[in-house]
Every structure is written in C-alpha cells, then in structure tokens.
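Quick look at target-v1.tsv (TSV, C-alpha atoms):
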chain	number	residue	atom	x	y	z
A	24	MET	CA	-9.38	18.00	-43.08
A	25	GLY	CA	-11.01	15.70	-40.48
A	26	LEU	CA	-8.10	13.25	-40.61
A	27	HIS	CA	-5.56	16.05	-40.01
A	28	THR	CA	-7.60	17.32	-37.03
A	29	ALA	CA	-7.81	13.81	-35.53
A	30	VAL	CA	-4.05	13.26	-35.97
A	31	LEU	CA	-3.29	16.67	-34.43
A	32	LEU	CA	-5.62	15.96	-31.49
A	33	CYS	CA	-3.96	12.57	-30.87
A	34	LEU	CA	-0.51	14.17	-31.04
A	35	VAL	CA	-1.43	16.93	-28.57
A	36	THR	CA	-3.05	14.42	-26.19
A	37	THR	CA	0.05	12.21	-26.34
A	38	LEU	CA	2.36	15.13	-25.61
A	39	VAL	CA	0.19	16.30	-22.69
A	40	HIS	CA	0.15	12.75	-21.31
A	41	ILE	CA	3.91	12.33	-21.57
A	42	GLY	CA	4.48	15.74	-19.99
A	43	ALA	CA	2.08	15.05	-17.11
A	44	VAL	CA	3.57	11.62	-16.36
A	45	PHE	CA	7.09	13.08	-16.53
A	46	LEU	CA	6.19	15.83	-14.05
A	47	GLN	CA	4.60	13.26	-11.74
A	48	VAL	CA	7.65	10.95	-11.62
A	49	ALA	CA	10.43	13.53	-11.86
A	50	PRO	CA	12.00	14.92	-8.69
A	51	ALA	CA	10.09	17.86	-7.23
A	52	ASN	CA	10.70	21.10	-9.10
A	53	PRO	CA	8.93	24.48	-9.46
A	54	VAL	CA	6.87	23.36	-12.49
A	55	SER	CA	5.69	20.10	-10.90
A	56	ARG	CA	4.80	21.91	-7.66
A	57	ARG	CA	2.88	24.64	-9.50
A	58	TYR	CA	0.81	22.22	-11.58
A	59	SER	CA	0.59	19.35	-9.07
A	60	ARG	CA	-3.23	19.38	-8.87
A	61	GLN	CA	-3.64	19.25	-12.64
A	62	VAL	CA	-0.95	16.58	-13.00
A	63	ASP	CA	-2.46	14.43	-10.23
A	64	ALA	CA	-5.92	14.78	-11.78
A	65	TRP	CA	-4.53	13.46	-15.08
A	66	VAL	CA	-2.27	10.72	-13.68
A	67	TYR	CA	-4.42	9.21	-10.89
A	68	PRO	CA	-5.77	6.58	-10.76
A	69	LEU	CA	-5.02	5.11	-14.20
A	70	PHE	CA	-1.42	6.15	-14.86
A	71	GLU	CA	0.13	6.08	-11.38
A	72	GLN	CA	3.88	5.56	-11.24
A	73	ASN	CA	5.71	4.41	-8.13
A	74	TRP	CA	9.28	5.25	-9.07
A	75	ARG	CA	11.28	8.43	-9.47
A	76	LEU	CA	12.98	9.11	-12.77
A	77	PHE	CA	16.78	8.71	-12.52
A	78	ALA	CA	16.61	8.70	-8.70
A	79	PRO	CA	15.39	5.44	-7.21
A	80	ASN	CA	14.63	5.57	-3.53
A	81	PRO	CA	14.91	2.03	-2.12
A	82	ASP	CA	13.41	1.22	1.24
A	83	SER	CA	15.81	1.72	4.13
A	84	VAL	CA	13.51	-0.12	6.53
A	85	ASN	CA	11.78	-3.47	6.74
A	86	ARG	CA	8.10	-3.48	7.53
A	87	GLN	CA	6.31	-6.31	9.26
A	88	VAL	CA	2.54	-6.17	8.71
A	89	LEU	CA	0.54	-8.08	11.30
A	90	ALA	CA	-3.23	-8.48	11.41
A	91	ARG	CA	-5.88	-9.84	13.75
A	92	THR	CA	-9.63	-10.31	13.63
A	93	ALA	CA	-12.53	-9.77	15.99
A	94	HIS	CA	-15.87	-11.52	16.12
A	95	THR	CA	-18.88	-10.57	18.21
A	96	ALA	CA	-20.50	-13.66	19.72
A	97	SER	CA	-24.28	-14.01	20.15
A	98	ASN	CA	-23.93	-13.20	23.87
A	99	GLY	CA	-22.23	-9.89	23.02
A	100	SER	CA	-18.69	-10.93	23.97
A	101	MET	CA	-15.85	-10.11	21.62
A	102	ARG	CA	-13.45	-12.83	20.48
A	103	VAL	CA	-10.12	-11.38	19.26
A	104	SER	CA	-7.69	-13.60	17.38
A	105	PRO	CA	-3.94	-13.59	17.94
A	106	TRP	CA	-1.76	-11.53	15.60
A	107	VAL	CA	-0.94	-13.14	12.25
A	108	ASP	CA	2.23	-12.07	10.42
A	109	LEU	CA	1.09	-11.26	6.85
A	110	THR	CA	4.63	-10.30	5.83
A	111	ALA	CA	5.89	-13.74	6.86
A	112	MET	CA	3.16	-15.27	4.67
A	113	ASP	CA	4.50	-13.27	1.73
A	114	ARG	CA	8.08	-14.31	2.45
A	115	ALA	CA	7.04	-17.97	2.67
A	116	ALA	CA	5.28	-17.70	-0.70
A	117	VAL	CA	8.44	-16.28	-2.30
A	118	GLU	CA	11.17	-18.27	-0.55
A	119	HIS	CA	12.47	-21.28	-2.49
A	120	ASN	CA	10.10	-20.45	-5.36
A	121	PRO	CA	12.07	-20.06	-8.60
A	122	PHE	CA	9.24	-18.07	-10.20
A	123	PRO	CA	7.56	-16.12	-7.38
A	124	SER	CA	4.41	-14.24	-8.13
A	125	HIS	CA	4.64	-10.46	-8.43
A	126	THR	CA	1.55	-10.37	-6.23
A	127	ALA	CA	3.23	-12.39	-3.47
A	128	GLN	CA	6.21	-10.06	-3.57
A	129	ASN	CA	4.59	-6.66	-3.77
A	130	LEU	CA	0.83	-6.59	-3.12
A	131	LEU	CA	0.93	-6.02	0.63
A	132	ARG	CA	4.00	-3.78	0.53
A	133	ARG	CA	2.55	-1.53	-2.18
A	134	ALA	CA	-0.85	-1.42	-0.49
A	135	TRP	CA	0.79	-0.23	2.74
A	136	ALA	CA	2.91	2.37	0.92
A	137	SER	CA	-0.19	3.72	-0.83
A	138	TYR	CA	-2.10	3.77	2.46
A	139	VAL	CA	0.65	5.82	4.14
A	140	ASP	CA	0.84	8.18	1.14
A	141	THR	CA	-2.90	8.90	1.34
A	142	HIS	CA	-3.43	8.88	5.12
A	143	GLY	CA	-0.32	10.32	6.71
A	144	GLU	CA	0.31	9.72	10.39
A	145	ASP	CA	-3.22	10.05	11.82
A	146	ASP	CA	-5.01	7.33	9.79
A	147	THR	CA	-7.70	9.76	8.66
A	148	ALA	CA	-8.96	9.43	5.08
A	149	ARG	CA	-9.24	12.87	3.49
A	150	SER	CA	-10.00	11.91	-0.09
A	151	ASP	CA	-11.82	9.29	-2.13
A	152	ARG	CA	-8.45	7.77	-3.04
A	153	ALA	CA	-7.59	7.46	0.68
A	154	VAL	CA	-10.89	5.66	1.36
A	155	MET	CA	-10.20	3.36	-1.59
A	156	MET	CA	-6.67	2.55	-0.29
A	157	GLN	CA	-8.00	1.83	3.21
A	158	LYS	CA	-10.61	-0.54	1.77
A	159	TYR	CA	-7.98	-2.17	-0.46
A	160	LEU	CA	-5.64	-2.78	2.50
A	161	SER	CA	-8.46	-4.12	4.69
A	162	ASN	CA	-9.61	-6.43	1.86
A	163	ILE	CA	-6.09	-7.87	1.47
A	164	ALA	CA	-5.87	-8.51	5.22
A	165	ALA	CA	-9.40	-9.95	5.44
A	166	ASP	CA	-8.81	-12.24	2.47
A	167	ARG	CA	-5.56	-13.62	3.89
A	168	LEU	CA	-6.99	-14.00	7.38
A	169	ALA	CA	-10.10	-15.78	6.06
A	170	ASP	CA	-7.82	-18.34	4.40
A	171	HIS	CA	-5.70	-18.60	7.57
A	172	ASP	CA	-8.61	-18.82	10.06
A	173	ASP	CA	-10.11	-22.06	8.70
A	174	GLY	CA	-13.37	-20.41	7.68
A	175	ARG	CA	-14.20	-18.79	11.02
A	176	THR	CA	-16.22	-15.64	10.54
A	177	PHE	CA	-15.18	-12.23	11.76
A	178	GLU	CA	-16.53	-8.70	11.44
A	179	PHE	CA	-13.45	-6.58	12.17
A	180	VAL	CA	-9.83	-6.49	11.08
A	181	GLN	CA	-6.99	-4.59	12.72
A	182	LEU	CA	-3.47	-4.10	11.40
A	183	ARG	CA	-0.22	-3.36	13.19
A	184	VAL	CA	2.87	-2.36	11.23
A	185	VAL	CA	6.29	-2.67	12.84
A	186	THR	CA	9.02	-0.77	11.03
A	187	LEU	CA	12.57	-2.01	11.59
A	188	PRO	CA	15.78	-0.37	10.34
A	189	VAL	CA	17.89	-2.15	7.74
A	190	ALA	CA	21.38	-2.77	9.11
A	191	ALA	CA	24.21	-1.12	7.20
A	192	PRO	CA	26.26	-3.52	5.05
A	193	GLY	CA	29.11	-5.11	6.97
A	194	THR	CA	27.77	-4.27	10.44
A	195	THR	CA	27.16	-6.93	13.01
A	196	ALA	CA	24.25	-6.34	15.32
A	197	GLY	CA	24.90	-9.46	17.36
A	198	HIS	CA	22.00	-11.71	18.16
A	199	ARG	CA	19.66	-9.05	19.46
A	200	PRO	CA	16.78	-7.99	17.20
A	201	PRO	CA	16.79	-4.43	15.87
A	202	THR	CA	14.83	-1.83	17.81
A	203	PRO	CA	11.63	-0.86	15.95
A	204	VAL	CA	11.62	2.60	14.42
A	205	GLU	CA	7.84	2.64	14.52
A	206	ASN	CA	5.12	0.38	15.88
A	207	ARG	CA	1.89	1.63	14.30
A	208	LEU	CA	-1.46	0.24	15.43
A	209	LEU	CA	-4.31	0.99	13.04
A	210	PRO	CA	-7.96	1.25	14.11
A	211	TRP	CA	-10.39	-1.65	13.80
A	212	TRP	CA	-11.98	-1.78	10.35
A	213	LYS	CA	-15.41	-3.29	9.69
A	214	VAL	CA	-15.49	-6.04	7.07
A	215	THR	CA	-18.32	-8.22	5.78
A	216	PRO	CA	-19.42	-11.16	8.02
A	217	ASP	CA	-17.40	-13.76	6.09
A	218	GLY	CA	-14.29	-11.58	6.43
A	219	LYS	CA	-14.11	-10.61	2.77
Target format structure tokens, applied to this file:
Amino acid sequence: MGLHTAVLLCLVTTLVHIGAVFLQVAPANPVSRRYSRQVDAWVYPLFEQNWRLFAPNPDSVNRQVLARTAHTASNGSMRVSPWVDLTAMDRAAVEHNPFPSHTAQNLLRRAWASYVDTHGEDDTARSDRAVMMQKYLSNIAADRLADHDDGRTFEFVQLRVVTLPVAAPGTTAGHRPPTPVENRLLPWWKVTPDGK
C-alpha cells in the first residue's frame, strides 16, 4: 500500500512539474495567463527556462555593456574610472578560441536579459528576484573590473548598456556606425571595498 502511494505521488508530482514547465515556456495562452502566479512560483528559481517552445526569438539587436567604477578618496574627492567595454572582453575571450566557455559567451548577456525582465524600464527592483538579479549583474561587473583595474579598490559600479540594431542580411550600411536604439545608464551600485 505504501509503495503504491509513493509511486502515485511521484507520478502526480512529475506530471504537475511537466505541465508547469510547459506552461512557462509555451507561447502565452489563456491557461498560462490564468495560472501564471502558480506556474512562476513552481518554476522560479530552480527550473527557469529561457527559450520558447517551437518559437525561438533570437535577438534582433546587439548590446554593448560598459562599466565604470568610483572610489572615494580620503579627502572626500571621487575618482571615477573611464568606461570599460565588458562585451568586448567577452568577445575577446571567445574569438579564435576553438572551445569557448559557455560562461564567456552567455554570462553577461543572460544577466542583462534577466535584469531587464525583472526591472523593466525604471531600474526599480520590485521583488526579491529583481534584487537578486541586480546583485548578480553588479557582482559580474565588479569582478571583471577588479581584474581589469590592477587591484585598485572601488566602492561603486555603474553600467551603461548601448543597444544597436542588427543590420538586415545583404544591406550595406557604409562605414558609419549604426545609430543606437537605446543608451541606458544605470544608477551607481554600492559594492564591497575590494570591488567584489
């Protein structure tokens, strides 16, 4: 009797899990909209999916993530570093590497996408997940800038994300750079004194 109950419980849990994940990744429909809170409660944060079933949605823009640091000197003056192109660092880690790391290819891009999903346009965290994504993004930037800055300490990190359109195949844009679709400047974020 106990074995049958355990097997039945495992089967029901598996079916609920499969159904919830399906509703989360499937295109929006009346059922997924009606039960979105319950589905999100089940799926996040352990079973998150970042693709849509049978309908991939590739990026139609290129994003350039730049970061800079600030340090308060003992006399109270603020030293702000120049902008560092974190996206270029990722490209350099991948280019000419026959076996590039998944982290080098996707960490920053996925962190930014998750930040935008949880914060919207006004950079205000409205949930615990949003706070976590902001901290995650600031930690990535601080870690990379600490390696780049030769060990100089800083207390604040700021990001700027420039979104550029992807040119249509076969079009020639000449030698002029594409006009940014968006140039988003995020607020200064406090980090620990060593920048991590």
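Minimum atom-to-atom distances from A:Met156, A:Val189, A:Ala43, A:Val180 to Val103 in chain A were compared using all atoms listed in the file, and the lowest value belongs to A:Val180.
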Among the residues A:Ala134, A:Gly25, A:Lys158, A:Leu109, the one that comes closest to Asp170 in chain A [using all atoms listed in the file]: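 Closest residue, counting all atoms listed in the file: A:Leu109.
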Point-to-point distance from CA of Ser150 in chain A to CA of Leu168 in chain A, Å rounded to tenths: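 Rounded to one decimal, the two atoms are 27.1 Å apart.
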Top pick for closest residue to His94 in chain A, considering A:Leu208, A:Asp146, A:Thr215, A:Glu178 and counting all atoms listed in the file: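 Distance minimum relative to His94 in chain A lands on A:Glu178.
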Computed interatomic separation between CA of Gln157 in chain A and CA of Gln87 in chain A (Å): 17.5 Å
Which residue of A:Leu209, A:Val214, A:Val204, A:Leu31 approaches Tyr159 in chain A most closely, using only C-alpha atoms: A:Val214
Missing atoms in range 159-182 of chain A need filling: write out N, CA and C atoms for it as a PDB file, keeping the file's coordinate frame.
ATOM      1  N   TYR A 159      -8.865  -1.226   0.230  1.00  0.00           N
ATOM      2  CA  TYR A 159      -7.980  -2.170  -0.460  1.00  0.00           C
ATOM      3  C   TYR A 159      -7.105  -2.908   0.554  1.00  0.00           C
ATOM      4  N   LEU A 160      -6.498  -2.176   1.483  1.00  0.00           N
ATOM      5  CA  LEU A 160      -5.640  -2.780   2.500  1.00  0.00           C
ATOM      6  C   LEU A 160      -6.443  -3.702   3.411  1.00  0.00           C
ATOM      7  N   SER A 161      -7.639  -3.270   3.822  1.00  0.00           N
ATOM      8  CA  SER A 161      -8.460  -4.120   4.690  1.00  0.00           C
ATOM      9  C   SER A 161      -8.935  -5.376   3.948  1.00  0.00           C
ATOM     10  N   ASN A 162      -9.205  -5.256   2.646  1.00  0.00           N
ATOM     11  CA  ASN A 162      -9.610  -6.430   1.860  1.00  0.00           C
ATOM     12  C   ASN A 162      -8.476  -7.443   1.744  1.00  0.00           C
ATOM     13  N   ILE A 163      -7.247  -6.957   1.543  1.00  0.00           N
ATOM     14  CA  ILE A 163      -6.090  -7.870   1.470  1.00  0.00           C
ATOM     15  C   ILE A 163      -5.956  -8.620   2.783  1.00  0.00           C
ATOM     16  N   ALA A 164      -6.005  -7.881   3.903  1.00  0.00           N
ATOM     17  CA  ALA A 164      -5.870  -8.510   5.220  1.00  0.00           C
ATOM     18  C   ALA A 164      -7.012  -9.492   5.472  1.00  0.00           C
ATOM     19  N   ALA A 165      -8.244  -9.087   5.196  1.00  0.00           N
ATOM     20  CA  ALA A 165      -9.400  -9.950   5.440  1.00  0.00           C
ATOM     21  C   ALA A 165      -9.326 -11.223   4.593  1.00  0.00           C
ATOM     22  N   ASP A 166      -8.919 -11.088   3.351  1.00  0.00           N
ATOM     23  CA  ASP A 166      -8.810 -12.240   2.470  1.00  0.00           C
ATOM     24  C   ASP A 166      -7.773 -13.233   2.991  1.00  0.00           C
ATOM     25  N   ARG A 167      -6.618 -12.730   3.389  1.00  0.00           N
ATOM     26  CA  ARG A 167      -5.560 -13.620   3.890  1.00  0.00           C
ATOM     27  C   ARG A 167      -5.945 -14.242   5.231  1.00  0.00           C
ATOM     28  N   LEU A 168      -6.595 -13.462   6.081  1.00  0.00           N
ATOM     29  CA  LEU A 168      -6.990 -14.000   7.380  1.00  0.00           C
ATOM     30  C   LEU A 168      -8.129 -15.007   7.249  1.00  0.00           C
ATOM     31  N   ALA A 169      -9.022 -14.812   6.293  1.00  0.00           N
ATOM     32  CA  ALA A 169     -10.100 -15.780   6.060  1.00  0.00           C
ATOM     33  C   ALA A 169      -9.524 -17.120   5.639  1.00  0.00           C
ATOM     34  N   ASP A 170      -8.488 -17.103   4.808  1.00  0.00           N
ATOM     35  CA  ASP A 170      -7.820 -18.340   4.400  1.00  0.00           C
ATOM     36  C   ASP A 170      -7.077 -18.967   5.578  1.00  0.00           C
ATOM     37  N   HIS A 171      -6.508 -18.141   6.437  1.00  0.00           N
ATOM     38  CA  HIS A 171      -5.700 -18.600   7.570  1.00  0.00           C
ATOM     39  C   HIS A 171      -6.563 -19.098   8.728  1.00  0.00           C
ATOM     40  N   ASP A 172      -7.760 -18.555   8.890  1.00  0.00           N
ATOM     41  CA  ASP A 172      -8.610 -18.820  10.060  1.00  0.00           C
ATOM     42  C   ASP A 172      -9.536 -20.021   9.899  1.00  0.00           C
ATOM     43  N   ASP A 173      -9.314 -20.845   8.914  1.00  0.00           N
ATOM     44  CA  ASP A 173     -10.110 -22.060   8.700  1.00  0.00           C
ATOM     45  C   ASP A 173     -11.614 -21.775   8.582  1.00  0.00           C
ATOM     46  N   GLY A 174     -11.969 -20.701   7.936  1.00  0.00           N
ATOM     47  CA  GLY A 174     -13.370 -20.410   7.680  1.00  0.00           C
ATOM     48  C   GLY A 174     -14.137 -19.777   8.814  1.00  0.00           C
ATOM     49  N   ARG A 175     -13.484 -19.461   9.939  1.00  0.00           N
ATOM     50  CA  ARG A 175     -14.200 -18.790  11.020  1.00  0.00           C
ATOM     51  C   ARG A 175     -14.577 -17.386  10.596  1.00  0.00           C
ATOM     52  N   THR A 176     -15.772 -16.974  10.951  1.00  0.00           N
ATOM     53  CA  THR A 176     -16.220 -15.640  10.540  1.00  0.00           C
ATOM     54  C   THR A 176     -15.692 -14.578  11.493  1.00  0.00           C
ATOM     55  N   PHE A 177     -15.590 -13.381  10.964  1.00  0.00           N
ATOM     56  CA  PHE A 177     -15.180 -12.230  11.760  1.00  0.00           C
ATOM     57  C   PHE A 177     -15.758 -10.982  11.121  1.00  0.00           C
ATOM     58  N   GLU A 178     -15.936  -9.952  11.924  1.00  0.00           N
ATOM     59  CA  GLU A 178     -16.530  -8.700  11.440  1.00  0.00           C
ATOM     60  C   GLU A 178     -15.535  -7.554  11.377  1.00  0.00           C
ATOM     61  N   PHE A 179     -14.414  -7.675  12.090  1.00  0.00           N
ATOM     62  CA  PHE A 179     -13.450  -6.580  12.170  1.00  0.00           C
ATOM     63  C   PHE A 179     -12.041  -7.084  11.906  1.00  0.00           C
ATOM     64  N   VAL A 180     -11.242  -6.211  11.324  1.00  0.00           N
ATOM     65  CA  VAL A 180      -9.830  -6.490  11.080  1.00  0.00           C
ATOM     66  C   VAL A 180      -9.030  -5.321  11.621  1.00  0.00           C
ATOM     67  N   GLN A 181      -7.894  -5.628  12.252  1.00  0.00           N
ATOM     68  CA  GLN A 181      -6.990  -4.590  12.720  1.00  0.00           C
ATOM     69  C   GLN A 181      -5.584  -4.929  12.254  1.00  0.00           C
ATOM     70  N   LEU A 182      -4.843  -3.909  11.844  1.00  0.00           N
ATOM     71  CA  LEU A 182      -3.470  -4.100  11.400  1.00  0.00           C
ATOM     72  C   LEU A 182      -2.502  -3.399  12.336  1.00  0.00           C
TER      73      LEU A 182
END
